[in-house]
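Trainee: mmCIF, C-alpha atoms, file work.cif:
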data_target
#
loop_
_atom_site.group_PDB
_atom_site.id
_atom_site.type_symbol
_atom_site.label_atom_id
_atom_site.label_comp_id
_atom_site.auth_asym_id
_atom_site.auth_seq_id
_atom_site.Cartn_x
_atom_site.Cartn_y
_atom_site.Cartn_z
ATOM 1 C CA MET P 1 49.597 115.213 57.882
ATOM 2 C CA ASP P 2 47.639 112.664 55.873
ATOM 3 C CA LYS P 3 48.373 114.027 52.398
ATOM 4 C CA LEU P 4 45.788 111.828 50.711
ATOM 5 C CA GLU P 5 43.010 113.014 53.028
ATOM 6 C CA ALA P 6 44.168 116.627 52.665
ATOM 7 C CA MET P 7 43.948 116.317 48.875
ATOM 8 C CA ARG P 8 40.433 114.870 49.090
ATOM 9 C CA VAL P 9 39.313 117.679 51.408
ATOM 10 C CA PHE P 10 40.867 120.315 49.147
ATOM 11 C CA CYS P 11 39.051 118.958 46.076
ATOM 12 C CA THR P 12 35.779 118.816 48.001
ATOM 13 C CA VAL P 13 36.174 122.470 49.050
ATOM 14 C CA VAL P 14 36.752 123.527 45.448
ATOM 15 C CA GLU P 15 33.763 121.541 44.185
ATOM 16 C CA ALA P 16 31.471 122.649 47.033
ATOM 17 C CA GLY P 17 32.392 126.319 46.603
ATOM 18 C CA SER P 18 32.998 127.045 50.287
ATOM 19 C CA PHE P 19 34.461 125.600 53.453
ATOM 20 C CA ALA P 20 31.009 125.405 55.052
ATOM 21 C CA ASN P 21 29.486 123.420 52.184
ATOM 22 C CA ALA P 22 32.500 121.114 52.107
ATOM 23 C CA ALA P 23 32.219 120.590 55.863
ATOM 24 C CA ASP P 24 28.602 119.462 55.432
ATOM 25 C CA LYS P 25 29.578 116.979 52.706
ATOM 26 C CA LEU P 26 32.476 115.611 54.719
ATOM 27 C CA ALA P 27 30.642 115.573 58.061
ATOM 28 C CA GLN P 28 33.420 117.639 59.601
ATOM 29 C CA SER P 29 33.530 121.040 61.223
ATOM 30 C CA THR P 30 34.309 124.084 59.087
ATOM 31 C CA SER P 31 37.415 124.752 61.162
ATOM 32 C CA ALA P 32 38.649 121.193 60.585
ATOM 33 C CA VAL P 33 38.179 121.532 56.827
ATOM 34 C CA SER P 34 39.970 124.878 56.837
ATOM 35 C CA ARG P 35 42.801 123.335 58.821
ATOM 36 C CA TRP P 36 43.239 120.517 56.268
ATOM 37 C CA VAL P 37 43.632 123.022 53.440
ATOM 38 C CA ALA P 38 45.980 125.224 55.459
ATOM 39 C CA GLN P 39 48.198 122.227 56.237
ATOM 40 C CA LEU P 40 48.281 121.269 52.571
ATOM 41 C CA GLU P 41 49.261 124.805 51.568
ATOM 42 C CA SER P 42 51.960 124.829 54.232
ATOM 43 C CA HIS P 43 53.287 121.486 53.021
ATOM 44 C CA LEU P 44 53.394 122.698 49.405
ATOM 45 C CA ASN P 45 54.610 126.152 50.414
ATOM 46 C CA VAL P 46 52.086 127.769 48.073
ATOM 47 C CA ARG P 47 48.649 129.370 48.388
ATOM 48 C CA LEU P 48 45.992 127.276 46.698
ATOM 49 C CA LEU P 49 42.847 129.278 47.530
ATOM 50 C CA ASN P 50 41.906 132.937 47.715
ATOM 51 C CA ARG P 51 39.578 133.345 50.676
ATOM 52 C CA THR P 52 36.907 135.989 51.332
ATOM 53 C CA THR P 53 34.125 136.013 53.901
ATOM 54 C CA ARG P 54 31.606 134.665 51.375
ATOM 55 C CA ARG P 55 33.482 132.696 48.745
ATOM 56 C CA ILE P 56 36.710 131.068 47.699
ATOM 57 C CA SER P 57 38.557 131.029 44.388
ATOM 58 C CA LEU P 58 41.496 129.082 43.085
ATOM 59 C CA THR P 59 44.860 130.708 42.622
ATOM 60 C CA GLU P 60 46.773 129.902 39.446
ATOM 61 C CA SER P 61 48.827 127.334 41.338
ATOM 62 C CA GLY P 62 45.672 126.059 43.025
ATOM 63 C CA HIS P 63 43.942 125.548 39.690
ATOM 64 C CA ALA P 64 46.850 123.481 38.313
ATOM 65 C CA TYR P 65 47.085 121.487 41.530
ATOM 66 C CA TYR P 66 43.336 120.839 41.623
ATOM 67 C CA GLU P 67 43.294 119.433 38.083
ATOM 68 C CA ARG P 68 46.155 117.065 38.867
ATOM 69 C CA CYS P 69 44.567 116.065 42.177
ATOM 70 C CA VAL P 70 41.260 115.198 40.529
ATOM 71 C CA GLN P 71 42.999 113.063 37.909
ATOM 72 C CA TRP P 72 45.177 111.310 40.476
ATOM 73 C CA LEU P 73 42.312 110.636 42.887
ATOM 74 C CA LEU P 74 40.184 109.202 40.091
ATOM 75 C CA GLU P 75 43.014 106.853 39.115
ATOM 76 C CA LEU P 76 43.521 105.869 42.745
ATOM 77 C CA ASP P 77 39.815 105.126 43.183
ATOM 78 C CA ALA P 78 39.876 103.023 40.009
ATOM 79 C CA LEU P 79 42.920 101.119 41.261
ATOM 80 C CA GLU P 80 41.310 100.429 44.637
ATOM 81 C CA SER P 81 38.123 99.303 42.919
ATOM 82 C CA SER P 82 40.080 96.976 40.635
ATOM 83 C CA VAL P 83 41.990 95.417 43.532
ATOM 84 C CA SER P 84 38.787 95.029 45.514
ATOM 85 C CA GLU P 85 37.022 93.344 42.595
ATOM 86 C CA GLN P 86 39.987 91.043 42.067
ATOM 87 C CA SER P 87 40.002 90.128 45.745
ATOM 88 C CA GLN P 88 36.279 89.409 45.737
ATOM 89 C CA SER P 89 36.436 87.354 42.538
ATOM 90 C CA ALA P 90 39.488 85.345 43.621
ATOM 91 C CA GLN P 91 37.430 82.539 45.102
ATOM 92 C CA GLY P 92 37.321 78.783 44.860
ATOM 93 C CA THR P 93 40.023 76.134 45.111
ATOM 94 C CA LEU P 94 43.526 76.732 43.758
ATOM 95 C CA ARG P 95 45.214 73.456 42.806
ATOM 96 C CA ILE P 96 49.016 73.629 43.080
ATOM 97 C CA THR P 97 51.711 71.018 42.502
ATOM 98 C CA THR P 98 55.293 71.305 43.760
ATOM 99 C CA SER P 99 58.035 69.298 45.468
ATOM 100 C CA LEU P 100 57.918 68.212 49.103
ATOM 101 C CA GLY P 101 60.955 70.277 50.111
ATOM 102 C CA PHE P 102 59.763 73.477 48.488
ATOM 103 C CA GLY P 103 56.243 72.917 49.742
ATOM 104 C CA LEU P 104 57.319 72.546 53.360
ATOM 105 C CA SER P 105 59.892 75.344 53.291
ATOM 106 C CA TYR P 106 58.030 78.012 51.338
ATOM 107 C CA LEU P 107 54.579 77.127 50.071
ATOM 108 C CA ALA P 108 53.118 76.203 53.472
ATOM 109 C CA PRO P 109 53.994 79.517 55.189
ATOM 110 C CA ALA P 110 53.036 81.452 52.049
ATOM 111 C CA ILE P 111 49.582 79.855 52.009
ATOM 112 C CA ARG P 112 49.145 80.743 55.672
ATOM 113 C CA ALA P 113 49.970 84.384 54.907
ATOM 114 C CA CYS P 114 47.779 84.400 51.793
ATOM 115 C CA GLN P 115 44.721 82.984 53.519
ATOM 116 C CA ALA P 116 45.030 85.546 56.280
ATOM 117 C CA GLN P 117 44.608 88.221 53.600
ATOM 118 C CA PHE P 118 42.240 86.343 51.260
ATOM 119 C CA PRO P 119 40.209 83.952 53.441
ATOM 120 C CA GLN P 120 37.814 83.107 50.598
ATOM 121 C CA LEU P 121 40.627 81.356 48.669
ATOM 122 C CA GLN P 122 40.995 77.599 49.183
ATOM 123 C CA PHE P 123 43.969 75.378 48.319
ATOM 124 C CA HIS P 124 44.649 71.811 47.259
ATOM 125 C CA VAL P 125 48.380 71.039 47.157
ATOM 126 C CA SER P 126 50.152 68.002 45.708
ATOM 127 C CA LEU P 127 53.704 67.455 46.989
ATOM 128 C CA SER P 128 54.591 64.539 44.732
ATOM 129 C CA GLY P 129 57.096 66.646 42.819
ATOM 130 C CA HIS P 130 56.204 64.795 39.617
ATOM 131 C CA MET P 131 56.354 66.726 36.363
ATOM 132 C CA VAL P 132 52.650 66.315 35.716
ATOM 133 C CA ASP P 133 50.722 67.644 32.734
ATOM 134 C CA LEU P 134 48.918 70.589 34.323
ATOM 135 C CA VAL P 135 45.895 70.489 32.029
ATOM 136 C CA GLU P 136 45.509 66.726 32.044
ATOM 137 C CA GLU P 137 45.845 66.498 35.832
ATOM 138 C CA GLY P 138 43.686 69.553 36.503
ATOM 139 C CA PHE P 139 46.270 71.765 38.221
ATOM 140 C CA ASP P 140 46.076 75.557 38.091
ATOM 141 C CA LEU P 141 49.720 76.155 38.942
ATOM 142 C CA ALA P 142 53.060 74.401 39.421
ATOM 143 C CA LEU P 143 56.008 75.733 41.418
ATOM 144 C CA ARG P 144 59.169 74.238 39.974
ATOM 145 C CA ILE P 145 62.908 74.639 40.397
ATOM 146 C CA GLY P 146 65.338 74.449 37.496
ATOM 147 C CA SER P 147 63.222 72.587 34.953
ATOM 148 C CA VAL P 148 59.825 73.736 33.690
ATOM 149 C CA GLY P 149 58.997 70.191 32.689
ATOM 150 C CA GLN P 150 56.717 70.527 29.673
ATOM 151 C CA GLN P 151 56.131 72.518 26.502
ATOM 152 C CA HIS P 152 53.295 74.900 25.719
ATOM 153 C CA VAL P 153 53.085 76.362 29.210
ATOM 154 C CA VAL P 154 53.856 79.789 30.640
ATOM 155 C CA ALA P 155 56.806 79.879 33.066
ATOM 156 C CA LYS P 156 57.230 83.001 35.176
ATOM 157 C CA ALA P 157 60.603 83.306 36.934
ATOM 158 C CA MET P 158 60.071 84.135 40.608
ATOM 159 C CA GLY P 159 63.597 84.038 42.022
ATOM 160 C CA TYR P 160 66.720 81.965 42.410
ATOM 161 C CA THR P 161 67.894 79.429 44.955
ATOM 162 C CA GLN P 162 71.448 78.167 45.324
ATOM 163 C CA LEU P 163 72.339 74.513 44.989
ATOM 164 C CA LEU P 164 74.627 73.093 47.668
ATOM 165 C CA TYR P 165 76.711 69.928 47.850
ATOM 166 C CA ALA P 166 77.089 68.295 51.244
ATOM 167 C CA ALA P 167 77.932 65.126 53.142
ATOM 168 C CA SER P 168 78.031 63.999 56.753
ATOM 169 C CA PRO P 169 81.257 64.423 58.763
ATOM 170 C CA ARG P 170 81.375 60.665 59.420
ATOM 171 C CA TYR P 171 81.076 59.847 55.721
ATOM 172 C CA LEU P 172 83.878 62.259 54.828
ATOM 173 C CA ALA P 173 86.110 60.917 57.603
ATOM 174 C CA LYS P 174 85.969 57.411 56.119
ATOM 175 C CA GLN P 175 86.272 58.296 52.422
ATOM 176 C CA PRO P 176 89.055 59.611 50.150
ATOM 177 C CA ARG P 177 89.840 63.271 50.684
ATOM 178 C CA LEU P 178 87.920 65.834 48.586
ATOM 179 C CA VAL P 179 90.136 68.653 47.310
ATOM 180 C CA HIS P 180 89.066 69.114 43.696
ATOM 181 C CA PRO P 181 85.739 68.434 41.911
ATOM 182 C CA SER P 182 87.423 65.598 40.012
ATOM 183 C CA ASP P 183 87.790 63.754 43.329
ATOM 184 C CA LEU P 184 84.036 63.088 43.239
ATOM 185 C CA ALA P 185 84.780 60.139 40.957
ATOM 186 C CA GLN P 186 85.899 58.263 44.074
ATOM 187 C CA HIS P 187 82.687 58.933 46.004
ATOM 188 C CA ASN P 188 79.127 57.665 46.211
ATOM 189 C CA CYS P 189 76.982 60.530 44.920
ATOM 190 C CA LEU P 190 73.261 60.523 45.620
ATOM 191 C CA ILE P 191 71.572 61.285 42.308
ATOM 192 C CA TYR P 192 68.409 63.315 41.874
ATOM 193 C CA GLN P 193 66.491 61.874 38.938
ATOM 194 C CA HIS P 194 63.066 61.899 37.380
ATOM 195 C CA HIS P 195 61.776 60.981 33.947
ATOM 196 C CA LEU P 196 62.944 64.306 32.461
ATOM 197 C CA SER P 197 66.265 64.734 34.211
ATOM 198 C CA HIS P 198 69.075 62.658 35.650
ATOM 199 C CA GLN P 199 71.306 64.954 37.703
ATOM 200 C CA LYS P 200 74.565 63.177 36.948
ATOM 201 C CA VAL P 201 76.522 66.303 36.056
ATOM 202 C CA TRP P 202 77.442 68.486 39.040
ATOM 203 C CA THR P 203 78.791 71.961 38.334
ATOM 204 C CA PHE P 204 81.398 73.934 40.283
ATOM 205 C CA LEU P 205 83.033 77.334 39.755
ATOM 206 C CA ASP P 206 86.442 78.264 41.129
ATOM 207 C CA ALA P 207 87.565 81.725 42.257
ATOM 208 C CA GLN P 208 88.503 82.621 38.664
ATOM 209 C CA GLN P 209 85.013 81.586 37.472
ATOM 210 C CA GLN P 210 86.356 78.542 35.666
ATOM 211 C CA GLN P 211 83.571 75.996 35.417
ATOM 212 C CA TYR P 212 83.955 72.306 36.186
ATOM 213 C CA ASP P 213 81.163 70.001 35.002
ATOM 214 C CA MET P 214 81.731 66.707 36.749
ATOM 215 C CA THR P 215 79.954 63.500 35.766
ATOM 216 C CA VAL P 216 79.111 61.697 38.995
ATOM 217 C CA ASP P 217 77.608 58.343 39.858
ATOM 218 C CA GLY P 218 76.379 56.457 42.865
ATOM 219 C CA LEU P 219 74.333 53.600 44.219
ATOM 220 C CA ILE P 220 71.133 55.475 45.036
ATOM 221 C CA GLY P 221 68.881 57.748 42.991
ATOM 222 C CA SER P 222 65.548 59.352 43.818
ATOM 223 C CA ASP P 223 63.056 61.901 42.524
ATOM 224 C CA ASN P 224 62.887 63.480 46.002
ATOM 225 C CA SER P 225 65.693 65.825 47.090
ATOM 226 C CA SER P 226 64.624 65.747 50.753
ATOM 227 C CA PHE P 227 65.034 61.959 50.759
ATOM 228 C CA LEU P 228 68.544 62.201 49.280
ATOM 229 C CA VAL P 229 69.576 64.848 51.820
ATOM 230 C CA GLU P 230 68.383 62.628 54.670
ATOM 231 C CA LEU P 231 70.372 59.721 53.213
ATOM 232 C CA ALA P 232 73.464 61.930 53.145
ATOM 233 C CA ALA P 233 72.883 62.819 56.795
ATOM 234 C CA GLN P 234 72.850 59.073 57.501
ATOM 235 C CA ASP P 235 76.383 58.734 56.059
ATOM 236 C CA MET P 236 75.257 57.254 52.745
ATOM 237 C CA GLY P 237 77.055 59.619 50.366
ATOM 238 C CA ILE P 238 77.183 63.138 48.942
ATOM 239 C CA CYS P 239 74.004 65.007 48.046
ATOM 240 C CA CYS P 240 73.151 67.974 45.851
ATOM 241 C CA ALA P 241 70.010 69.933 46.728
ATOM 242 C CA PRO P 242 68.628 73.471 47.047
ATOM 243 C CA CYS P 243 69.941 75.400 50.029
ATOM 244 C CA PHE P 244 66.536 75.594 51.720
ATOM 245 C CA ILE P 245 66.598 71.807 52.146
ATOM 246 C CA ILE P 246 70.255 71.456 53.147
ATOM 247 C CA THR P 247 70.681 74.513 55.406
ATOM 248 C CA PRO P 248 68.841 73.043 58.445
ATOM 249 C CA TYR P 249 71.183 70.044 58.310
ATOM 250 C CA LEU P 250 74.219 72.338 58.096
ATOM 251 C CA ASN P 251 72.992 74.310 61.100
ATOM 252 C CA THR P 252 72.771 71.173 63.238
ATOM 253 C CA GLY P 253 76.083 69.769 62.020
ATOM 254 C CA ARG P 254 74.567 66.636 60.509
ATOM 255 C CA LEU P 255 75.948 67.763 57.140
ATOM 256 C CA VAL P 256 78.891 69.907 56.057
ATOM 257 C CA ARG P 257 79.514 71.496 52.679
ATOM 258 C CA ILE P 258 82.079 69.859 50.458
ATOM 259 C CA LEU P 259 84.647 71.758 48.391
ATOM 260 C CA PRO P 260 83.922 75.082 50.144
ATOM 261 C CA ASN P 261 86.458 76.935 47.986
ATOM 262 C CA TYR P 262 84.248 76.410 44.943
ATOM 263 C CA HIS P 263 81.071 78.293 44.101
ATOM 264 C CA THR P 264 77.899 76.413 43.368
ATOM 265 C CA PRO P 265 75.244 77.181 40.735
ATOM 266 C CA VAL P 266 71.819 78.684 41.220
ATOM 267 C CA SER P 267 68.495 77.329 40.011
ATOM 268 C CA THR P 268 65.524 79.394 38.901
ATOM 269 C CA ILE P 269 62.210 79.102 40.732
ATOM 270 C CA TYR P 270 59.286 79.151 38.289
ATOM 271 C CA ALA P 271 55.559 79.581 38.587
ATOM 272 C CA VAL P 272 54.191 77.476 35.732
ATOM 273 C CA TYR P 273 50.633 77.686 34.428
ATOM 274 C CA PRO P 274 48.907 76.414 31.291
ATOM 275 C CA HIS P 275 47.868 79.587 29.454
ATOM 276 C CA ARG P 276 48.648 83.282 29.569
ATOM 277 C CA LYS P 277 45.227 84.234 28.171
ATOM 278 C CA HIS P 278 42.153 83.962 30.372
ATOM 279 C CA LEU P 279 44.221 83.468 33.516
ATOM 280 C CA SER P 280 41.761 83.110 36.384
ATOM 281 C CA ALA P 281 41.599 85.737 39.101
ATOM 282 C CA LYS P 282 42.634 83.266 41.799
ATOM 283 C CA VAL P 283 45.777 82.208 39.901
ATOM 284 C CA ARG P 284 46.709 85.774 39.013
ATOM 285 C CA LEU P 285 46.211 86.895 42.598
ATOM 286 C CA PHE P 286 48.275 84.076 44.115
ATOM 287 C CA ILE P 287 51.142 84.448 41.642
ATOM 288 C CA GLY P 288 51.367 88.143 42.483
ATOM 289 C CA PHE P 289 51.115 87.477 46.206
ATOM 290 C CA PHE P 290 53.623 84.620 46.215
ATOM 291 C CA SER P 291 56.113 86.533 44.073
ATOM 292 C CA GLN P 292 56.182 89.410 46.562
ATOM 293 C CA TRP P 293 56.221 87.084 49.565
ATOM 294 C CA LEU P 294 59.107 85.065 48.151
ATOM 295 C CA GLN P 295 61.320 88.137 47.775
ATOM 296 C CA SER P 296 61.296 88.582 51.555
ATOM 297 C CA GLN P 297 62.759 85.133 52.200
ATOM 298 C CA GLN P 298 66.400 85.114 53.245
ATOM 299 C CA GLU P 299 67.623 82.258 51.054
ATOM 300 C CA ILE P 300 65.919 83.434 47.848
ATOM 301 C CA THR P 301 67.592 85.794 45.380
ATOM 302 C CA PRO P 302 64.928 88.041 43.803
ATOM 303 C CA TYR P 303 64.384 87.637 40.079
ATOM 304 C CA GLN P 304 65.190 90.739 38.038
ATOM 305 C CA THR P 305 64.356 91.201 34.386
ATOM 306 C CA GLU P 306 67.116 92.328 32.076
ATOM 307 C CA SER P 307 67.106 96.034 31.312
#
Can I see the file as C-alpha cells?
Mentor:
Amino acid sequence: MDKLEAMRVFCTVVEAGSFANAADKLAQSTSAVSRWVAQLESHLNVRLLNRTTRRISLTESGHAYYERCVQWLLELDALESSVSEQSQSAQGTLRITTSLGFGLSYLAPAIRACQAQFPQLQFHVSLSGHMVDLVEEGFDLALRIGSVGQQHVVAKAMGYTQLLYAASPRYLAKQPRLVHPSDLAQHNCLIYQHHLSHQKVWTFLDAQQQQYDMTVDGLIGSDNSSFLVELAAQDMGICCAPCFIITPYLNTGRLVRILPNYHTPVSTIYAVYPHRKHLSAKVRLFIGFFSQWLQSQQEITPYQTES
C-alpha cells in the first residue's frame, strides 16, 4: 500500500463529504477510493470513518488522524515546493577550485552524478591546487584537504581521508631497512609543500597510540601530491599522500606501504566558501549534493558532528 497516497485519498474523502464526491475530485472510481480508505484502516488497525448510505463521519480516532494528516501533508507539500524552487533557481556556472588528485578521484564523478540530476547547473573547475583567494579569484567554492588556506571564510567539514606513506619495492630493496619512524632520517622523502605548508613532519601512531612526529627531508618537493606519488613509483623516494591517490599504485604493486605496523593520520576534507550569509542556491545545492555523495565513497570516513 502506498501510505502517502492513502492519506491523501482519506483527507479528500473527509473534505468532499462522501466517497462519490472524492472520486470525482480524484478522477478515480468510488470503489477505488473506498478501497484506499479500507486499506489505510486495516494498516492502522482502527476505524477512521463511520459510513452510511448517504454520508460519512469521522470517528474520534479518525478526527485526530485527519488533523495530523492535514498538517503533515501541508508540510510535505511545502518541502517539495521548496526543493523544486531550489532546483529551478540553482542555475548558472559554479566555479570550483581543488587539487588534481581530488578532482580526478572524486569531483569528476560527483559532477557527472550532479549534472544528471540538475542539468541546468554548469561547472568551471580549476585543478591547480593553489590556495587561492576565493573572492579575489572569483571562485564560488574550494574543496580542500587538511588546510583551509585563508581566514574569513566558511569551512564545512565533509569527511576524512587517511594519509598513507609508501615507496616502490625497488627503492626499498636498495635503501636502509625501515623498522621504526626514526629510520626515515636515512631516506629521501618526497615533500609536499606550498606557500602555506611544508609537510616536513610526518606523523605515526603505534599500537599503544603513542605518537611519533618525525622531521623528514629530501631532494624533491612539490605542491602536487599526484606528482610526488608518481615519483615514488619511479623509485625516487618515499611519499606521503591521501589514500585515494596512493591506493591505485598499491593495487598494482608499483608502491607498497612503509611501516605497516604503525597507524597513519587522517585529514579533513573541507568545502570552503567565502560567506555564510547570502549563499547562492547553486552553491548550497552542490554542497548538499556533494556531501551526501561523498559519504557513499569507500575510502572516505563520513564527518560526524560532536554530540
Trainee: One decimal, in Å: what's the spacing between CA of Ser222 in chain P and CA of Ala173 in chain P?
Mentor: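 The value is 24.8 Å.
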Trainee: When you count all atoms listed in the file, which of these residues is closest to Ser126 in chain P: P:Leu104, P:Met236, P:Leu79, P:Ala16?
Mentor: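 Ranking P:Leu104, P:Met236, P:Leu79, P:Ala16 by distance to Ser126 in chain P, first place goes to P:Leu104.
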Trainee: When the PyMOL selection byres ((chain P and resi 268) around 12) is applied to the file above, which residues end up in the set, as an MDAnalysis selection string?
Mentor: chainID P and resid 143:148 155:163 242 265:267 269:272 300:304
Trainee: Tell me which residues the PyMOL selection byres ((chain P and resi 108) around 12) grabs here, as a list in words.
Mentor: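 This file gives the following for the PyMOL selection byres ((chain P and resi 108) around 12): Ile96, Thr98, Ser99, Leu100, Gly101, Phe102, Gly103, Leu104, Ser105, Tyr106, Leu107, Pro109, Ala110, Ile111, Arg112, Ala113, Cys114, Gln115, Phe123, His124, Val125, Ser126, Leu127, Phe290, Trp293 and Leu294 of chain P.
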Trainee: What is the CA of Val216 in chain P to CA of His180 in chain P distance in Å?
Mentor: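 Separation between CA of Val216 in chain P and CA of His180 in chain P: 13.3 Å.
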Trainee: Quick one: of P:Asp2, P:Glu60, P:Asp24, P:Asp235, who's nearest to Arg170 in chain P, counting all atoms listed in the file?
Mentor: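 Comparing P:Asp2, P:Glu60, P:Asp24, P:Asp235 against Arg170 in chain P, the winner is P:Asp235.
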Trainee: Excluding range 30-42 of chain P and residues on its chain fewer than 2 positions from it, collect all residues at most 7 Å away from it, counting all atoms listed in the file, and give them as a list in words.
Mentor: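 These residues fall inside the cut-off: Ala6, Val9, Phe10, Phe19, Ala20, Ala23, Gln28, Leu44, Asn45, Val46, Arg47 and Leu48 of chain P.
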Trainee: Let me see the file: selected residues, C-alpha atoms, as a CSV table (one decimal), in the coordinates of the input.
Mentor:
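Dumped to selection07.csv:
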chain,number,residue,atom,x,y,z
P,6,ALA,CA,44.2,116.6,52.7
P,9,VAL,CA,39.3,117.7,51.4
P,10,PHE,CA,40.9,120.3,49.1
P,19,PHE,CA,34.5,125.6,53.5
P,20,ALA,CA,31.0,125.4,55.1
P,23,ALA,CA,32.2,120.6,55.9
P,28,GLN,CA,33.4,117.6,59.6
P,44,LEU,CA,53.4,122.7,49.4
P,45,ASN,CA,54.6,126.2,50.4
P,46,VAL,CA,52.1,127.8,48.1
P,47,ARG,CA,48.6,129.4,48.4
P,48,LEU,CA,46.0,127.3,46.7
Trainee: Go through P:Leu26, P:Ile258, P:Leu49, P:Glu75 one by one, measure the shortest atom-to-atom distance of each to Leu178 in chain P using all atoms listed in the file, and give the residue with the smallest value.
Mentor: P:Ile258
Trainee: As an exercise, work out the distance from CA of Leu141 in chain P to CA of Thr97 in chain P in Å and give it to one decimal place.
Mentor: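 About the pair CA of Leu141 in chain P and CA of Thr97 in chain P: they are 6.6 Å apart.
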Trainee: Could you pull the residues within 12 Å of Tyr66 in chain P, counting only C-alpha atoms, minus those fewer than 5 positions along the same chain, as a PyMOL selection string?
Mentor: chain P and resi 6-15+48-49+57-61+71-73
Trainee: Suppose we keep C-alpha atoms; can you now write the selection as an mmCIF file, keeping the file's coordinate frame?
Mentor:
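File produced: result37.cif:
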data_model
loop_
_atom_site.group_PDB
_atom_site.id
_atom_site.type_symbol
_atom_site.label_atom_id
_atom_site.label_comp_id
_atom_site.auth_asym_id
_atom_site.auth_seq_id
_atom_site.Cartn_x
_atom_site.Cartn_y
_atom_site.Cartn_z
ATOM 1 C CA ALA P 6 44.168 116.627 52.665
ATOM 2 C CA MET P 7 43.948 116.317 48.875
ATOM 3 C CA ARG P 8 40.433 114.870 49.090
ATOM 4 C CA VAL P 9 39.313 117.679 51.408
ATOM 5 C CA PHE P 10 40.867 120.315 49.147
ATOM 6 C CA CYS P 11 39.051 118.958 46.076
ATOM 7 C CA THR P 12 35.779 118.816 48.001
ATOM 8 C CA VAL P 13 36.174 122.470 49.050
ATOM 9 C CA VAL P 14 36.752 123.527 45.448
ATOM 10 C CA GLU P 15 33.763 121.541 44.185
ATOM 11 C CA LEU P 48 45.992 127.276 46.698
ATOM 12 C CA LEU P 49 42.847 129.278 47.530
ATOM 13 C CA SER P 57 38.557 131.029 44.388
ATOM 14 C CA LEU P 58 41.496 129.082 43.085
ATOM 15 C CA THR P 59 44.860 130.708 42.622
ATOM 16 C CA GLU P 60 46.773 129.902 39.446
ATOM 17 C CA SER P 61 48.827 127.334 41.338
ATOM 18 C CA GLN P 71 42.999 113.063 37.909
ATOM 19 C CA TRP P 72 45.177 111.310 40.476
ATOM 20 C CA LEU P 73 42.312 110.636 42.887
#
Trainee: Compare P:His43, P:Ala90, P:Gly138, P:Gln295 by their minimum atom-to-atom distance to Pro119 in chain P, counting all atoms listed in the file, and give me the closest one.
Mentor: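 The closest residue to Pro119 in chain P is P:Ala90.
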Trainee: So that all listed atoms of range 69-72 of chain P fit with 3 Å spare on each side, what axis-aligned box centre and edge lengths in Å, to one decimal, would you give as AutoDock Vina command-line options?
Mentor:
--center_x 43.2 --center_y 113.7 --center_z 40.0 --size_x 9.9 --size_y 10.8 --size_z 10.3
Trainee: What lies within 12 Å of Leu255 in chain P using all atoms listed in the file, ignoring chain neighbours under 5 positions off, as a ChimeraX atom specification?
Mentor: /P:164-172,229-240,245-250
Trainee: Since I can't run it myself right now, could you work out what the PyMOL selection byres ((chain P and resi 275) around 12) selects here and report it as a PyMOL selection string?
Mentor: chain P and resi 134-135+139-141+151-156+271-274+276-280+283-284
Trainee: Select, from P:His63, P:His130, P:His263, P:Arg54, the residue with the minimum atom-to-atom distance to Phe204 in chain P, counting only C-alpha atoms.
Mentor: P:His263
Trainee: Mind listing whatever residues come within 10 Å of the point (86.2, 60.2, 42.2)? Use all atoms listed in the file, file coordinates, and give them as an MDAnalysis selection string.
Mentor: chainID P and resid 176:178 180:189 214:217
Trainee: Restrict the selected residues to C-alpha atoms and save them as a PDB file, keeping the file's coordinate frame.
Mentor:
ATOM      1  CA  PRO P 176      89.055  59.611  50.150  1.00  0.00           C
ATOM      2  CA  ARG P 177      89.840  63.271  50.684  1.00  0.00           C
ATOM      3  CA  LEU P 178      87.920  65.834  48.586  1.00  0.00           C
ATOM      4  CA  HIS P 180      89.066  69.114  43.696  1.00  0.00           C
ATOM      5  CA  PRO P 181      85.739  68.434  41.911  1.00  0.00           C
ATOM      6  CA  SER P 182      87.423  65.598  40.012  1.00  0.00           C
ATOM      7  CA  ASP P 183      87.790  63.754  43.329  1.00  0.00           C
ATOM      8  CA  LEU P 184      84.036  63.088  43.239  1.00  0.00           C
ATOM      9  CA  ALA P 185      84.780  60.139  40.957  1.00  0.00           C
ATOM     10  CA  GLN P 186      85.899  58.263  44.074  1.00  0.00           C
ATOM     11  CA  HIS P 187      82.687  58.933  46.004  1.00  0.00           C
ATOM     12  CA  ASN P 188      79.127  57.665  46.211  1.00  0.00           C
ATOM     13  CA  CYS P 189      76.982  60.530  44.920  1.00  0.00           C
ATOM     14  CA  MET P 214      81.731  66.707  36.749  1.00  0.00           C
ATOM     15  CA  THR P 215      79.954  63.500  35.766  1.00  0.00           C
ATOM     16  CA  VAL P 216      79.111  61.697  38.995  1.00  0.00           C
ATOM     17  CA  ASP P 217      77.608  58.343  39.858  1.00  0.00           C
TER      18      ASP P 217
END
Trainee: Which residue gives the smallest distance to Met131 in chain P among P:Trp202, P:Asp223, P:Arg51, P:Leu76, with all atoms listed in the file counted?
Mentor: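 Looking only at the distances to Met131 in chain P, the closest residue turns out to be P:Asp223.
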